[in-house]
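Novice: The structure under discussion is supplied below as structure tokens; questions concerning it will follow.
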Amino acid sequence: MRVLIWVAFATSLTLMSCTTTDGSSDDDGVAYRMVQVQGGIDGPATRGDWKSAKAETHVMCGLEDVEHSDIGEERDHSVPNGQWNGVRPDRPGRCGDDFETLMYRLTNCERAARGLPPLECDMRLVWAARAHSLDMIEREYFSHDSPDGTNPGQRLADRGVDWHASAENIALSPTMALAHTGWMQSRGHRTNVLEGRFTHIGFGVVKTERGYMSTGLFILLP
């Protein structure tokens with residue numbers, strides 16, 4: 001069972017959905033603010049209303065709580081071909097491009113604030129997440145299951161990624177601040193972010209005319 005949250009904004013639409021390890025998810029029914037995205041969908045990963053995001057009930061980490069001096073507008077939509085055997089780390093302190101790295105740092109900040117161990121970066125998950133974000137854009141759908149019926153676990157297995165438990169969050173939002181806030185304010189998404197069993201993570205963020213399509217993959221390695 002998946003949760004789909006439609007949130008109306010002044011200049012765009014935010015969509016979210018998640019799969020969880022036990023096959024269920026739900027939402028806290030929180031009220032989201034109407035916001036104006038100045039200048040359209042563009043700019044560095046750090047843009048957005050982080051003050052409002054940090055004020056939400058379940059959000060303990062904002063921009064000022066993570067390293068962001070090295071975060072700009074770097075975007076990478078590449079996905080290597082072939083099988084991806086073995087964990088693939090990124091550069092120290094990084095996990096993908098600037099948008100993906102910011103989400104990675106925010107996730108580990110939220111976990112640390114609750115006494116949970118950090119998740120390690122696995123670029124295989126970044127690549128798989130990018131591929132799904134790109135596929136949703138190119139084939140114009142918004143779901144964990146692709147039009148041919150392939151689910152997140154199957155997509156990972158097809159690339160040679162083995163796992164004991166996995167989960168996926170997806171969102172279409174005008175800023176990373178809103179994507180992070182939306183996931184933390186939704187019980188199902190928050191469960192994935194804060195699941196103590198997971199060991200590795202990767203985000204895939206792709207810019208569209210309507211916003212940033214984000215996929216987050218969480219796994220427990222064997």
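By convention in this document, the chains of the structure tokens carry letters A, B, ... by their order, each chain's residues are numbered from 1, and ligands are numbered from 1 in the order they are shown.
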Give me the residues of range 125-169 of chain A that have any atom at most 12 Å from an atom of range 103-111 of chain A; for each, the nearest atom pair and the distance in Å, rounded to one decimal. Use only C-alpha atoms, sort by chain and number, and format it as a tab-separated table.

Specialist:
```
residue	atom	partner	partner_atom	distance
A:Leu125	CA	A:Tyr104	CA	11.6
A:Val126	CA	A:Tyr104	CA	10.2
A:Asn169	CA	A:Met103	CA	11.9
```

Novice: Next, dump the selected residues to file, keeping only all heavy atoms, as an mmCIF file, in the first residue's frame.

Specialist:
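Output file part.cif follows:
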```
data_model
loop_
_atom_site.group_PDB
_atom_site.id
_atom_site.type_symbol
_atom_site.label_atom_id
_atom_site.label_comp_id
_atom_site.auth_asym_id
_atom_site.auth_seq_id
_atom_site.Cartn_x
_atom_site.Cartn_y
_atom_site.Cartn_z
ATOM 1 N N LEU A 125 22.842 3.151 -5.721
ATOM 2 C CA LEU A 125 21.491 3.615 -5.396
ATOM 3 C C LEU A 125 21.214 4.971 -6.022
ATOM 4 O O LEU A 125 20.091 5.257 -6.441
ATOM 5 C CB LEU A 125 21.314 3.672 -3.884
ATOM 6 C CG LEU A 125 21.562 2.370 -3.122
ATOM 7 C CD1 LEU A 125 21.297 2.548 -1.635
ATOM 8 C CD2 LEU A 125 20.728 1.228 -3.680
ATOM 9 N N VAL A 126 22.240 5.831 -6.069
ATOM 10 C CA VAL A 126 22.105 7.123 -6.744
ATOM 11 C C VAL A 126 21.755 6.900 -8.212
ATOM 12 O O VAL A 126 20.815 7.509 -8.747
ATOM 13 C CB VAL A 126 23.396 7.951 -6.621
ATOM 14 C CG1 VAL A 126 23.308 9.226 -7.469
ATOM 15 C CG2 VAL A 126 23.679 8.296 -5.168
ATOM 16 N N ASN A 169 11.320 6.451 -1.514
ATOM 17 C CA ASN A 169 10.507 7.669 -1.456
ATOM 18 C C ASN A 169 10.608 8.367 -2.800
ATOM 19 O O ASN A 169 11.703 8.431 -3.381
ATOM 20 C CB ASN A 169 11.014 8.636 -0.380
ATOM 21 C CG ASN A 169 10.697 8.186 1.023
ATOM 22 O OD1 ASN A 169 9.987 7.204 1.240
ATOM 23 N ND2 ASN A 169 11.232 8.895 2.009
#
```

Novice: Please identify which residues in range 9-220 of chain A DSSP calls alpha helix (DSSP H) from the backbone, and express them as an MDAnalysis selection string.

Specialist: chainID A and resid 50:54 98:112 123:138 152:158 176:185 187:193

Novice: Do you have, as CSV, the list of residues of range 141-206 of chain A lying at most 9 Å from range 47-66 of chain A, each with its nearest atom pair and that distance in Å to one decimal, counting only C-alpha atoms and ordered by chain then number?

Specialist:
```
residue,atom,partner,partner_atom,distance
A:Pro174,CA,A:Gly48,CA,8.4
A:Thr175,CA,A:Gly48,CA,5.7
A:Met176,CA,A:Gly48,CA,7.1
A:Ala177,CA,A:Gly48,CA,5.6
A:Leu178,CA,A:Ala53,CA,7.0
A:His180,CA,A:Ala53,CA,8.1
A:Thr181,CA,A:Ala53,CA,5.6
A:Gly182,CA,A:Ala53,CA,8.9
A:Met184,CA,A:His58,CA,5.8
A:Gln185,CA,A:His58,CA,5.8
A:Ser186,CA,A:His58,CA,8.8
A:Arg190,CA,A:His58,CA,8.5
```

Novice: Pick out the closest residue to Pro152 in chain A from this set: A:Ile170, A:Met123, A:Ala179, A:Ala113. Count only C-alpha atoms.

Specialist: A:Ile170

Novice: Counting only C-alpha atoms, which of A:Asp145, A:Asp98, A:Asp90, A:Glu168 gets nearest to Glu120 in chain A?

Specialist: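 Ranking A:Asp145, A:Asp98, A:Asp90, A:Glu168 by distance to Glu120 in chain A, first place goes to A:Asp90.
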
Novice: Could you check the closest approach to Tyr141 in chain A for each of A:Ala171, A:Ile71, A:Phe198, A:Gly188 and tell me which residue wins, using only C-alpha atoms?

Specialist: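 For Tyr141 in chain A, the nearest of the given residues is A:Ala171.
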
Novice: Choose the residue, out of A:Pro222, A:Gly72, A:Gly96, A:Gly211, that has the smallest atom-to-atom separation from His164 in chain A; count only C-alpha atoms.

Specialist: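 Closest residue, counting only C-alpha atoms: A:Pro222.
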
Novice: Quick one: pick out all strand (DSSP E) residues within range 94-221 of chain A from a backbone DSSP run and write them as a list in words.

Specialist: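 So the strand (DSSP E) residues in range 94-221 of chain A would be Glu120, Cys121, Ala165, Ser166, Ala167, Glu168, Asn169, Ile170, Ala171, Leu172, Ser173, His200, Ile201, Gly202, Phe203, Gly204, Val205, Val206, Lys207, Tyr212, Met213, Ser214, Thr215, Gly216, Leu217, Phe218, Ile219 and Leu220 of chain A.
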
Novice: Save the residues we just selected, N, CA, C and O atoms, as a compact mmCIF listing (two decimals), in the first residue's frame?

Specialist:
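Result written to again-v8.txt:
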```txt
# COMPACT_ATOMS: atom_id res chain seq x y z
N GLU A 120 25.36 5.06 4.80
CA GLU A 120 26.49 5.22 3.91
C GLU A 120 26.01 5.46 2.48
O GLU A 120 24.98 4.93 2.07
N CYS A 121 26.77 6.24 1.75
CA CYS A 121 26.45 6.50 0.35
C CYS A 121 26.81 5.29 -0.51
O CYS A 121 27.88 4.70 -0.36
N ALA A 165 16.52 -5.67 2.81
CA ALA A 165 15.34 -4.82 2.95
C ALA A 165 15.56 -3.57 2.12
O ALA A 165 16.70 -3.09 2.00
N SER A 166 14.50 -3.04 1.54
CA SER A 166 14.62 -1.83 0.73
C SER A 166 13.35 -1.01 0.83
O SER A 166 12.28 -1.53 1.16
N ALA A 167 13.47 0.28 0.56
CA ALA A 167 12.32 1.18 0.55
C ALA A 167 12.63 2.32 -0.41
O ALA A 167 13.80 2.59 -0.73
N GLU A 168 11.59 3.00 -0.84
CA GLU A 168 11.77 4.09 -1.80
C GLU A 168 10.81 5.23 -1.49
O GLU A 168 9.64 5.00 -1.19
N ASN A 169 11.32 6.45 -1.51
CA ASN A 169 10.51 7.67 -1.46
C ASN A 169 10.61 8.37 -2.80
O ASN A 169 11.70 8.43 -3.38
N ILE A 170 9.52 8.92 -3.28
CA ILE A 170 9.57 9.75 -4.48
C ILE A 170 8.83 11.04 -4.22
O ILE A 170 7.92 11.11 -3.40
N ALA A 171 9.24 12.10 -4.93
CA ALA A 171 8.59 13.40 -4.79
C ALA A 171 8.82 14.23 -6.04
O ALA A 171 9.83 14.07 -6.74
N LEU A 172 7.89 15.10 -6.32
CA LEU A 172 8.05 16.14 -7.33
C LEU A 172 7.77 17.45 -6.60
O LEU A 172 6.65 17.69 -6.14
N SER A 173 8.79 18.29 -6.46
CA SER A 173 8.66 19.50 -5.64
C SER A 173 9.44 20.64 -6.26
O SER A 173 10.40 20.42 -7.01
N HIS A 200 22.50 1.76 3.75
CA HIS A 200 22.99 2.56 2.62
C HIS A 200 21.84 3.34 1.98
O HIS A 200 20.67 2.96 2.09
N ILE A 201 22.23 4.40 1.31
CA ILE A 201 21.23 5.31 0.73
C ILE A 201 21.76 5.93 -0.55
O ILE A 201 22.97 6.00 -0.79
N GLY A 202 20.83 6.39 -1.37
CA GLY A 202 21.19 7.15 -2.57
C GLY A 202 19.98 7.90 -3.08
O GLY A 202 18.86 7.36 -3.05
N PHE A 203 20.17 9.14 -3.50
CA PHE A 203 19.09 9.96 -4.06
C PHE A 203 19.36 10.24 -5.52
O PHE A 203 20.52 10.41 -5.93
N GLY A 204 18.30 10.32 -6.31
CA GLY A 204 18.41 10.72 -7.70
C GLY A 204 17.47 11.88 -7.95
O GLY A 204 16.25 11.72 -7.84
N VAL A 205 18.01 13.06 -8.25
CA VAL A 205 17.21 14.28 -8.43
C VAL A 205 17.39 14.79 -9.86
O VAL A 205 18.51 15.02 -10.31
N VAL A 206 16.27 14.96 -10.56
CA VAL A 206 16.30 15.40 -11.95
C VAL A 206 15.39 16.61 -12.11
O VAL A 206 14.23 16.58 -11.69
N LYS A 207 15.90 17.66 -12.72
CA LYS A 207 15.12 18.88 -12.92
C LYS A 207 14.14 18.72 -14.07
O LYS A 207 14.48 18.19 -15.13
N TYR A 212 11.55 19.49 -9.28
CA TYR A 212 12.61 18.48 -9.17
C TYR A 212 12.00 17.13 -8.85
O TYR A 212 11.37 16.96 -7.81
N MET A 213 12.21 16.17 -9.75
CA MET A 213 11.75 14.81 -9.52
C MET A 213 12.82 14.11 -8.68
O MET A 213 13.97 13.97 -9.11
N SER A 214 12.44 13.70 -7.49
CA SER A 214 13.40 13.10 -6.55
C SER A 214 12.99 11.68 -6.20
O SER A 214 11.83 11.42 -5.89
N THR A 215 13.97 10.79 -6.25
CA THR A 215 13.79 9.41 -5.80
C THR A 215 14.84 9.13 -4.74
O THR A 215 16.02 9.43 -4.93
N GLY A 216 14.42 8.59 -3.61
CA GLY A 216 15.34 8.19 -2.55
C GLY A 216 15.25 6.70 -2.34
O GLY A 216 14.16 6.16 -2.15
N LEU A 217 16.39 6.00 -2.40
CA LEU A 217 16.44 4.56 -2.21
C LEU A 217 17.19 4.23 -0.93
O LEU A 217 18.28 4.75 -0.69
N PHE A 218 16.60 3.39 -0.10
CA PHE A 218 17.17 2.98 1.17
C PHE A 218 17.29 1.46 1.19
O PHE A 218 16.32 0.77 0.86
N ILE A 219 18.45 0.91 1.59
CA ILE A 219 18.56 -0.55 1.64
C ILE A 219 19.34 -1.02 2.85
O ILE A 219 20.11 -0.27 3.46
N LEU A 220 19.09 -2.26 3.21
CA LEU A 220 19.89 -2.99 4.18
C LEU A 220 20.67 -4.01 3.38
O LEU A 220 20.08 -4.89 2.72
```

Novice: Hey, what's within 12 Å of Ser146 in chain A if we count only C-alpha atoms and toss same-chain stuff fewer than 2 positions away? As JSON, numbers by chain, please?

Specialist: {"A": [131, 132, 133, 134, 135, 136, 137, 138, 139, 140, 141, 142, 143, 144, 148, 149, 150, 151, 152, 153, 154, 155]}

Novice: Using only C-alpha atoms, can you tell me which of A:Glu100, A:Arg159, A:Asp42, A:Arg197 comes closest to Asp76 in chain A?

Specialist: A:Glu100
